[in-house]
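K.L.:
I have a structure here, written as structure tokens, and I will follow up with some questions on it.
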Amino acid sequence: MSDCLSMRGVWKSYEAGVRGCSATVSVLRDIQLDVSSGEIVGIVAAVASGKTTLLMCAGGLLRPDRGSISWFGGPARRDFSSRPDGIAYAGDRPFPYGFLNIREALEYAAIVRDLPVRDGADRVACALERTGLGAIADRRVDEIDGSALARLAVASSLLARPRLVLVDDLAPGYDADTAAELLAVLRGLAREGAAVVIAGRLAARLAALDAFPSQPQMRFLSLDGGRLESISERPAVAARRAAAPLPNGAPHETSLPAPRARVAELSPPSSAQENSAR
């Protein structure tokens, strides 16, 4: 298998606060990540832990402060003015033109992404079928529920026939059946040779399931304190344990095998950290 994504020493910080009273918040710290063709990687993370920043850097949509990223075996890049074709990002950002119906929204997405016009209709039809949106393709986007919005986000990512799929938090409110069907779609993409990275709520759903028997190339990582770490315990076991009632009978607030919540350090990286990241 070949690497579809390789991140080396990636750092990303933001300025927080107001002018004259701000601090640097390091969101990503020395990220090292390789994702191969046919592999599914689930990233389990707490809210506001930097998973969106990580995936946007991985997709070439956001430029890191330091480090390099390469795609599909190409040279490492620090200048992200251009990125290769075959990268798709799906997230929970609202669709800007809710007056369009689902089919028109996908057709618009194909045009914006400058996809080939000659087979645009086939790409849209295939995306509708794979995500189960065909029956409601004529409904307006601003009238559909969270489940349909989640399907639309994934359908939009399928238009480019991607080799690397990055799935961030999808629209809230989708049900368990929708999650299972979308995970099956993503598993199918991995079988076809794409690399798939899933973060957020859908990754938590994936972690709560037993590993797909026909998808051995699957692993889970946690994003905690800006760093990626492997999860050694089987995620499904951790999820079931977290879902067990507490001694007083009260359920846990979450059934996710999420990392410990950690307050971001409001200081720039130390010189020792900078040297180790280079």
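Residues are named by chain letter and number: chains run A, B, ... in the order of the structure tokens, numbers start at 1 in each chain, and ligands are numbered from 1 in the order shown.
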To test your reading of the structure, identify every residue in region 53-243 of chain A that backbone DSSP assigns to strand (DSSP E), and report it as a PyMOL selection string.

P.N.:
chain A and resi 66-71+87-90+164-167+195-199+218-224+227-230

K.L.:
According to DSSP computed on the backbone, where in region 84-146 of chain A is there helix (DSSP H, G or I)? Give the residues as a ChimeraX atom specification.

P.N.:
/A:102-112,117-130,134-136,141-143,146

K.L.:
Name the closest residue to Ser13 (chain A) among the candidates A:Leu100, A:Gly226, A:Gly173, A:Ala135; distances are taken between atoms, counting only C-alpha atoms.

P.N.:
A:Gly226

K.L.:
Region 159-162 of chain A: which residues within 6 Å, counting only C-alpha atoms, same-chain residues fewer than 2 positions away excluded, as a VMD selection string?

P.N.:
chain A and resid 86 to 88 123 156 to 157 164

K.L.:
Quick one: write out the picked residues with C-alpha atoms as a PDB file, in the first residue's frame?

P.N.:
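That gives us again05.pdb:
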ATOM      1  CA  GLY A  86      -8.431  13.553  -5.349  1.00  0.00           C
ATOM      2  CA  ILE A  87      -8.807  15.090  -1.872  1.00  0.00           C
ATOM      3  CA  ALA A  88     -12.318  15.466  -0.439  1.00  0.00           C
ATOM      4  CA  ARG A 123     -21.291  11.830 -10.733  1.00  0.00           C
ATOM      5  CA  SER A 156     -20.650  16.190  -1.981  1.00  0.00           C
ATOM      6  CA  SER A 157     -17.295  14.628  -1.098  1.00  0.00           C
ATOM      7  CA  LEU A 164      -8.303  10.727   0.255  1.00  0.00           C
TER       8      LEU A 164
END

K.L.:
CA of Leu61 (chain A) to CA of Asp168 (chain A): how many Å, to one decimal?

P.N.:
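Interatomic distance here is 13.0 Å.
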
K.L.:
Excluding same-chain residues fewer than 4 positions from Gly134 (chain A), what lies within 8 Å of it counting only C-alpha atoms, as a ChimeraX atom specification?

P.N.:
/A:125,128-129

K.L.:
Could you pull the residues within 9 Å of Ser230 (chain A), counting only C-alpha atoms, minus those fewer than 3 positions along the same chain, as a VMD selection string?

P.N.:
chain A and resid 219 to 222

K.L.:
Excluding region 194-206 of chain A and residues on its chain fewer than 4 positions from it, collect all residues at most 8 Å away from it, counting only C-alpha atoms, and give them as a PyMOL selection string.

P.N.:
chain A and resi 4+35-45+51+162-170+179+183+186+189-190+256-257
